[in-house]
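Peer 1: Here you go, this is work-v6.cif (mmCIF, C-alpha atoms).
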data_final
loop_
_atom_site.label_atom_id
_atom_site.label_comp_id
_atom_site.auth_asym_id
_atom_site.auth_seq_id
_atom_site.Cartn_x
_atom_site.Cartn_y
_atom_site.Cartn_z
CA MET A 1 4.29 2.64 -3.42
CA ILE A 2 1.00 0.74 -3.54
CA ALA A 3 -2.04 2.26 -5.27
CA SER A 4 -5.46 0.88 -4.58
CA GLY A 5 -8.78 2.52 -5.25
CA ASP A 6 -12.30 2.48 -6.63
CA LEU A 7 -12.47 3.34 -10.32
CA SER A 8 -15.71 3.88 -12.23
CA HIS A 9 -19.02 3.27 -10.44
CA LYS A 10 -20.93 2.99 -13.73
CA LEU A 11 -19.87 -0.27 -15.36
CA LYS A 12 -23.19 -2.11 -15.54
CA GLU A 13 -26.84 -1.26 -16.03
CA ASP A 14 -27.74 -3.45 -13.04
CA GLY A 15 -24.95 -1.99 -10.89
CA PRO A 16 -25.68 0.33 -7.97
CA TYR A 17 -25.10 3.48 -10.05
CA GLY A 18 -26.17 2.37 -13.54
CA TYR A 19 -24.07 2.42 -16.71
CA SER A 20 -22.11 5.01 -18.64
CA ALA A 21 -20.01 4.26 -21.72
CA ASP A 22 -17.31 6.42 -20.14
CA GLY A 23 -17.09 4.01 -17.18
CA PRO A 24 -15.29 1.14 -18.95
CA MET A 25 -13.24 3.69 -20.92
CA PHE A 26 -11.98 5.35 -17.73
CA ASP A 27 -11.10 2.01 -16.12
CA ARG A 28 -9.28 0.87 -19.26
CA ASP A 29 -7.24 4.08 -19.38
CA ILE A 30 -6.31 3.85 -15.68
CA CYS A 31 -5.19 0.22 -16.05
CA GLU A 32 -3.01 1.10 -19.04
CA ILE A 33 -1.45 3.95 -17.07
CA PHE A 34 -0.78 1.63 -14.14
CA LYS A 35 0.85 -0.88 -16.48
CA SER A 36 3.08 1.68 -18.19
CA GLY A 37 3.74 4.09 -15.33
CA ASP A 38 3.10 6.99 -17.75
CA PHE A 39 1.73 9.53 -15.29
CA LEU A 40 1.59 12.28 -17.93
CA LYS A 41 -1.37 10.41 -19.41
CA LEU A 42 -2.92 10.39 -15.93
CA LEU A 43 -2.62 14.17 -15.73
CA ASN A 44 -4.10 14.56 -19.21
CA LEU A 45 -7.22 12.42 -18.69
CA ASN A 46 -10.39 14.06 -20.00
CA GLN A 47 -12.17 15.55 -16.98
CA ALA A 48 -15.59 15.19 -18.58
CA VAL A 49 -14.95 11.43 -18.91
CA CYS A 50 -13.86 11.26 -15.26
CA GLU A 51 -17.06 12.99 -14.20
CA SER A 52 -19.30 10.85 -16.38
CA ALA A 53 -17.59 7.65 -15.17
CA ALA A 54 -18.39 8.54 -11.52
CA GLU A 55 -14.84 7.61 -10.54
CA CYS A 56 -13.60 7.64 -6.96
CA GLY A 57 -9.82 7.24 -6.98
CA TYR A 58 -8.50 9.70 -9.56
CA ARG A 59 -7.37 12.42 -7.14
CA SER A 60 -5.68 9.85 -4.92
CA PHE A 61 -3.77 8.59 -7.94
CA LEU A 62 -2.70 12.15 -8.75
CA ILE A 63 -1.24 12.48 -5.25
CA MET A 64 0.61 9.22 -5.76
CA ALA A 65 1.96 10.44 -9.11
CA GLY A 66 3.17 13.62 -7.40
CA ALA A 67 4.98 11.58 -4.75
CA LEU A 68 6.77 9.66 -7.52
CA ASP A 69 7.53 12.65 -9.77
CA SER A 70 11.08 12.59 -11.20
CA LEU A 71 11.63 9.07 -9.87
CA GLY A 72 12.21 5.94 -11.93
CA VAL A 73 9.63 3.26 -11.17
CA LYS A 74 8.93 -0.34 -12.16
CA PRO A 75 5.12 -0.45 -12.58
CA GLU A 76 2.98 -3.56 -12.24
CA LEU A 77 -0.78 -3.85 -12.43
CA LEU A 78 -1.62 -6.58 -9.93
CA SER A 79 -5.35 -6.88 -10.44
CA TYR A 80 -8.50 -5.35 -11.87
CA GLU A 81 -12.11 -6.40 -11.44
CA GLY A 82 -15.57 -4.90 -11.73
CA PRO A 83 -18.06 -7.75 -11.30
CA PHE A 84 -20.71 -5.70 -9.49
CA GLY A 85 -20.62 -2.52 -11.58
CA VAL A 86 -17.77 -0.79 -9.70
CA GLY A 87 -14.16 -1.07 -10.85
CA TYR A 88 -11.28 -1.89 -8.49
CA ALA A 89 -7.58 -1.84 -9.35
CA VAL A 90 -4.38 -2.58 -7.44
CA ALA A 91 -0.87 -1.76 -8.69
CA THR A 92 2.65 -1.41 -7.35
CA PHE A 93 5.36 1.02 -8.35
CA ARG A 94 8.84 0.03 -7.21
CA VAL A 95 11.16 3.03 -6.97
CA GLU A 96 14.45 2.53 -8.81
CA GLY A 97 16.16 5.87 -8.20
CA SER A 98 15.85 9.32 -9.70
CA ASP A 99 14.86 9.88 -13.32
CA PRO A 100 14.78 13.53 -14.50
CA LYS A 101 12.93 12.50 -17.67
CA ARG A 102 9.91 11.56 -15.53
CA ASN A 103 9.32 15.14 -14.38
CA PHE A 104 5.68 14.86 -15.41
CA ALA A 105 4.45 17.82 -13.37
CA ALA A 106 6.77 20.21 -15.20
CA GLN A 107 5.90 18.62 -18.56
CA TYR A 108 2.20 19.00 -17.86
CA GLU A 109 2.55 22.65 -16.88
CA LYS A 110 4.46 23.31 -20.11
CA ILE A 111 1.70 21.65 -22.15
CA GLN A 112 -0.94 23.73 -20.38
CA GLN A 113 1.03 26.93 -20.91
CA ASP A 114 1.38 26.22 -24.64
CA LEU A 115 -2.36 25.52 -24.88
CA ALA A 116 -3.13 28.78 -23.07
CA ASP A 117 -0.92 30.73 -25.48
CA LYS A 118 -2.78 29.22 -28.44
CA ARG A 119 -6.15 30.04 -26.86
CA HIS A 120 -5.13 33.65 -26.33
CA GLU A 121 -4.18 33.93 -30.00
CA SER A 122 -7.59 32.71 -31.17
CA GLU A 123 -9.94 34.08 -28.46
CA ASP A 124 -12.57 36.59 -29.50
CA ILE A 125 -12.66 40.12 -28.13
CA VAL A 126 -15.34 39.37 -25.52
CA VAL A 127 -13.23 36.64 -23.91
CA SER A 128 -10.13 38.79 -24.25
CA LEU A 129 -11.84 41.48 -22.18
CA ALA A 130 -12.75 38.98 -19.43
CA ARG A 131 -9.26 37.47 -19.36
CA ARG A 132 -7.41 40.77 -19.32
CA THR A 133 -9.70 42.09 -16.61
CA ILE A 134 -8.97 39.09 -14.40
CA GLU A 135 -5.24 39.20 -15.07
CA SER A 136 -5.17 42.90 -14.23
CA VAL A 137 -7.09 42.74 -10.96
CA VAL A 138 -5.36 39.57 -9.72
CA LYS A 139 -1.90 41.02 -10.37
CA SER A 140 -2.83 44.36 -8.79
CA GLY A 141 -4.63 42.83 -5.83
CA ILE A 142 -7.56 45.23 -6.34
CA LEU A 143 -10.46 42.82 -6.65
CA THR A 144 -13.42 45.16 -6.26
CA ARG A 145 -13.93 48.36 -8.21
CA ALA A 146 -16.46 49.95 -10.52
CA ALA A 147 -16.11 49.22 -14.21
CA THR A 148 -16.14 52.11 -16.68
CA THR A 149 -15.65 52.57 -20.40
CA ASP A 150 -12.25 54.08 -19.64
CA ASP A 151 -11.30 50.79 -17.95
CA LEU A 152 -12.24 48.92 -21.11
CA ARG A 153 -9.92 51.05 -23.20
CA ALA A 154 -7.04 49.99 -20.97
CA TYR A 155 -7.57 46.38 -22.14
CA LEU A 156 -8.91 46.94 -25.65
CA PRO A 157 -7.59 49.82 -27.76
CA GLN A 158 -10.50 49.36 -30.18
CA ILE A 159 -13.80 48.69 -28.43
CA PRO A 160 -16.68 47.25 -30.49
CA THR A 161 -19.95 49.16 -30.28
CA GLU A 162 -21.56 45.97 -28.92
CA LEU A 163 -19.54 46.36 -25.73
CA THR A 164 -20.11 50.06 -25.17
CA LYS A 165 -23.69 50.65 -26.36
CA LYS A 166 -25.53 47.38 -25.73
CA LYS A 167 -26.88 46.40 -22.31
CA ALA A 168 -27.03 42.67 -21.62
CA SER A 169 -26.55 40.17 -18.81
CA CYS A 170 -23.75 37.63 -18.94
CA PHE A 171 -21.90 34.87 -17.10
CA VAL A 172 -18.10 34.65 -16.94
CA THR A 173 -16.77 31.11 -16.42
CA ILE A 174 -13.23 30.11 -15.49
CA HIS A 175 -11.77 26.60 -15.84
CA LYS A 176 -8.40 25.27 -14.73
CA TYR A 177 -7.09 21.98 -16.13
CA GLY A 178 -10.64 21.22 -17.31
CA ASN A 179 -12.19 21.77 -13.88
CA LEU A 180 -14.50 24.61 -12.93
CA ARG A 181 -12.58 27.38 -11.14
CA GLY A 182 -15.23 30.08 -10.89
CA CYS A 183 -18.50 31.20 -12.47
CA ILE A 184 -20.49 34.34 -11.70
CA GLY A 185 -23.12 36.11 -13.75
CA THR A 186 -26.25 38.21 -13.88
CA LEU A 187 -29.69 37.30 -15.15
CA MET A 188 -30.60 40.92 -15.87
CA PRO A 189 -28.08 43.64 -16.77
CA VAL A 190 -26.92 45.81 -13.87
CA CYS A 191 -24.32 47.91 -15.72
CA SER A 192 -24.70 50.56 -18.40
CA SER A 193 -23.01 48.43 -21.10
CA LEU A 194 -22.18 44.82 -21.89
CA GLY A 195 -18.47 45.58 -21.62
CA GLU A 196 -18.86 46.84 -18.07
CA GLU A 197 -21.10 43.86 -17.26
CA ILE A 198 -18.38 41.47 -18.46
CA GLU A 199 -15.72 43.24 -16.42
CA ARG A 200 -17.90 43.26 -13.28
CA ASN A 201 -18.71 39.56 -13.53
CA ALA A 202 -15.13 38.63 -14.44
CA ILE A 203 -13.88 40.26 -11.25
CA SER A 204 -16.55 38.44 -9.22
CA ALA A 205 -15.83 35.08 -10.90
CA CYS A 206 -12.14 35.21 -9.96
CA SER A 207 -12.61 36.57 -6.44
CA SER A 208 -16.12 36.07 -5.07
CA ASP A 209 -17.42 32.65 -6.11
CA PRO A 210 -18.21 31.12 -2.69
CA ARG A 211 -17.25 27.65 -3.91
CA PHE A 212 -13.61 28.58 -4.51
CA ASP A 213 -10.71 30.56 -3.07
CA PRO A 214 -9.79 33.70 -5.04
CA VAL A 215 -7.65 33.10 -8.10
CA THR A 216 -3.92 33.63 -7.48
CA GLU A 217 -1.35 35.08 -9.85
CA SER A 218 0.46 31.73 -10.16
CA GLU A 219 -2.70 30.19 -11.65
CA LEU A 220 -3.20 32.74 -14.41
CA PRO A 221 -1.20 30.92 -17.14
CA TYR A 222 -3.39 27.82 -16.81
CA LEU A 223 -6.88 29.32 -16.81
CA GLU A 224 -9.48 29.01 -19.56
CA TYR A 225 -12.33 31.50 -19.97
CA SER A 226 -15.72 31.63 -21.60
CA VAL A 227 -18.41 34.30 -21.59
CA ASP A 228 -22.11 33.60 -22.07
CA VAL A 229 -24.19 36.60 -23.14
CA LEU A 230 -27.81 35.93 -22.20
CA ASP A 231 -31.00 36.67 -24.07
CA GLU A 232 -33.96 37.71 -21.92
CA PRO A 233 -35.41 34.72 -19.99
CA GLU A 234 -38.94 33.55 -20.77
CA SER A 235 -41.40 31.71 -18.53
CA ILE A 236 -42.36 28.16 -19.46
CA LYS A 237 -45.15 25.94 -18.21
CA SER A 238 -43.45 22.54 -18.10
CA PRO A 239 -40.06 20.81 -18.39
CA GLU A 240 -41.14 19.54 -21.81
CA GLU A 241 -40.25 22.99 -23.15
CA LEU A 242 -36.61 22.56 -22.09
CA ASN A 243 -33.62 21.20 -23.99
CA PRO A 244 -30.33 21.24 -22.03
CA ARG A 245 -28.30 21.66 -25.21
CA VAL A 246 -30.26 24.72 -26.33
CA TYR A 247 -31.71 26.38 -23.24
CA GLY A 248 -30.43 27.37 -19.83
CA VAL A 249 -32.91 27.13 -16.97
CA ILE A 250 -33.91 29.22 -13.96
CA VAL A 251 -35.68 27.37 -11.16
CA THR A 252 -37.47 29.45 -8.52
CA LYS A 253 -39.46 28.57 -5.45
CA GLY A 254 -40.17 31.27 -2.89
CA ALA A 255 -36.95 33.18 -2.25
CA ARG A 256 -34.77 30.37 -3.61
CA ARG A 257 -33.43 30.41 -7.16
CA GLY A 258 -31.02 28.23 -9.09
CA VAL A 259 -29.54 28.85 -12.53
CA LEU A 260 -27.85 26.46 -14.95
CA LEU A 261 -26.34 27.47 -18.29
CA PRO A 262 -27.07 25.44 -21.45
CA ASP A 263 -24.83 22.97 -23.26
CA LEU A 264 -22.69 21.88 -20.33
CA ASP A 265 -20.51 18.74 -20.31
CA GLY A 266 -22.21 15.90 -18.45
CA VAL A 267 -25.69 17.44 -18.55
CA GLU A 268 -27.49 15.35 -21.14
CA THR A 269 -31.13 15.30 -20.00
CA VAL A 270 -33.76 17.73 -18.75
CA GLU A 271 -33.95 15.70 -15.54
CA GLN A 272 -30.24 16.20 -14.89
CA GLN A 273 -30.50 19.90 -15.70
CA LEU A 274 -33.40 20.50 -13.32
CA SER A 275 -31.84 18.40 -10.56
CA ILE A 276 -28.62 20.44 -10.64
CA ALA A 277 -30.46 23.77 -10.83
CA LYS A 278 -32.64 22.81 -7.85
CA ARG A 279 -29.63 21.80 -5.79
CA LYS A 280 -28.00 25.12 -6.62
CA ALA A 281 -31.14 26.78 -5.28
CA GLY A 282 -30.85 24.79 -2.05
CA LEU A 283 -33.87 22.69 -2.97
CA ASP A 284 -34.40 18.94 -3.05
CA PRO A 285 -33.75 17.61 -6.59
CA TYR A 286 -37.30 16.21 -6.59
CA GLU A 287 -38.90 19.43 -5.29
CA GLU A 288 -42.24 20.14 -6.97
CA GLY A 289 -44.14 23.37 -7.48
CA CYS A 290 -41.16 25.31 -8.84
CA SER A 291 -41.55 28.02 -11.46
CA LEU A 292 -39.37 27.67 -14.54
CA LYS A 293 -37.80 30.04 -17.02
CA ARG A 294 -35.59 29.23 -19.97
CA PHE A 295 -33.04 31.32 -21.84
CA THR A 296 -30.60 31.08 -24.71
CA VAL A 297 -27.01 32.34 -24.75
CA LYS A 298 -24.30 33.35 -27.18
CA ARG A 299 -21.18 31.60 -25.91
CA HIS A 300 -17.81 33.21 -26.51
CA PHE A 301 -14.51 31.31 -26.25
#
What is this structure when it is put down as structure tokens?
Peer 2:
Amino acid sequence: MIASGDLSHKLKEDGPYGYSADGPMFDRDICEIFKSGDFLKLLNLNQAVCESAAECGYRSFLIMAGALDSLGVKPELLSYEGPFGVGYAVATFRVEGSDPKRNFAAQYEKIQQDLADKRHESEDIVVSLARRTIESVVKSGILTRAATTDDLRAYLPQIPTELTKKKASCFVTIHKYGNLRGCIGTLMPVCSSLGEEIERNAISACSSDPRFDPVTESELPYLEYSVDVLDEPESIKSPEELNPRVYGVIVTKGARRGVLLPDLDGVETVEQQLSIAKRKAGLDPYEEGCSLKRFTVKRHF
């Protein structure tokens, strides 16, 4: 098996894509994995680092690792270079027969399952409601229904007053193996309580996000959840009033609107935040004349 691919595109300031400290780190990690043949480390690479490094070959390498799962290999890194700001690596993996100890896919799934169990033990009640809602509707196959306080009692024997009396908008976000798997929310509350709002958006996040297929039952053990409860948005006059670590943003022009939550991995500057929000609205990242609102959230894990 021969693996060849682009690595980070952000190795040098004068390169075609600029520089990120995660670029050299990603390339170094990939080269060490190619030298050792330890594909479990490949599966466990930090996804935020991969994104920041602007890599190009990671998913191809995962396919290669899958083709070699449970096989003994003799790895050899043949070359690495990045003289123009983009990393390139070539390696060979000579198959030497079966090796049950190299069942990295099964090992990785076990690690993820153990992590999920620990998360469930420590999650707060808001996230527990979102998770149990999703698990219930995915297993039942009933992905659209009205949420009621009686539904909440099915998941939570003791319901905090915050969930039954308070009205608030929220976003429910799902990740799988560190990658976004679904995110749906409301900017203004549409249900009679926060608990019902969470359940409504949880169902939509796992079944109706147009970027993804509906969540399947086999995925449930490996999903991570967070819930952002929003404060009321406020209008601002300029981007100078934004801070991507503190405020989410709503960009509107005509009938188009894009929303981005605060404190997201890989979003370090106001320029990045606005560019992503504009693209989500179907606008050019450099579109001018947009109205802006900012908002804060309470994030639950």
Peer 1: Name the residues in contact with region 74-81 of chain A at a cut-off of 8 Å, using all atoms listed in the file, excluding same-chain residues fewer than 4 positions from it; report them as a PDB file with C-alpha atoms, keeping the file's coordinate frame.
Peer 2:
ATOM      1  CA  CYS A  31      -5.190   0.220 -16.050  1.00  0.00           C
ATOM      2  CA  PHE A  34      -0.780   1.630 -14.140  1.00  0.00           C
ATOM      3  CA  LYS A  35       0.850  -0.880 -16.480  1.00  0.00           C
ATOM      4  CA  SER A  36       3.080   1.680 -18.190  1.00  0.00           C
ATOM      5  CA  GLY A  37       3.740   4.090 -15.330  1.00  0.00           C
ATOM      6  CA  GLY A  87     -14.160  -1.070 -10.850  1.00  0.00           C
ATOM      7  CA  TYR A  88     -11.280  -1.890  -8.490  1.00  0.00           C
ATOM      8  CA  ALA A  89      -7.580  -1.840  -9.350  1.00  0.00           C
ATOM      9  CA  VAL A  90      -4.380  -2.580  -7.440  1.00  0.00           C
ATOM     10  CA  ALA A  91      -0.870  -1.760  -8.690  1.00  0.00           C
ATOM     11  CA  THR A  92       2.650  -1.410  -7.350  1.00  0.00           C
ATOM     12  CA  PHE A  93       5.360   1.020  -8.350  1.00  0.00           C
ATOM     13  CA  ARG A  94       8.840   0.030  -7.210  1.00  0.00           C
ATOM     14  CA  VAL A  95      11.160   3.030  -6.970  1.00  0.00           C
ATOM     15  CA  GLU A  96      14.450   2.530  -8.810  1.00  0.00           C
TER      16      GLU A  96
END
Peer 1: Using all atoms listed in the file, which protein or nucleic acid residues come within 10 Å of Ser291 (chain A)? Drop anything in the same chain fewer than 2 positions from it, and give the result as a list in words.
Peer 2: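 Near Ser291 (chain A), the qualifying residues are Ser235, Ile236, Lys237, Ser238, Ile250, Val251, Thr252, Lys253, Gly254, Arg257, Glu288, Gly289 and Lys293 of chain A.
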Peer 1: Using all atoms listed in the file, pick whichever of A:Val190, A:Ile198, A:Ile174, A:Leu180 has the shortest atom-to-atom distance to Val126 (chain A).
Peer 2: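 Distance minimum relative to Val126 (chain A) lands on A:Ile198.
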Peer 1: Can you tell me how far CA of Leu230 (chain A) sits from CA of Phe171 (chain A), in Å to one decimal?
Peer 2: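 That distance, rounded to one decimal, is 7.9 Å.
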Peer 1: Record the distance separating CA of Asn243 (chain A) and CA of Gln273 (chain A), expressed in Å with one decimal.
Peer 2: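 Distance between the two atoms: 9.0 Å.
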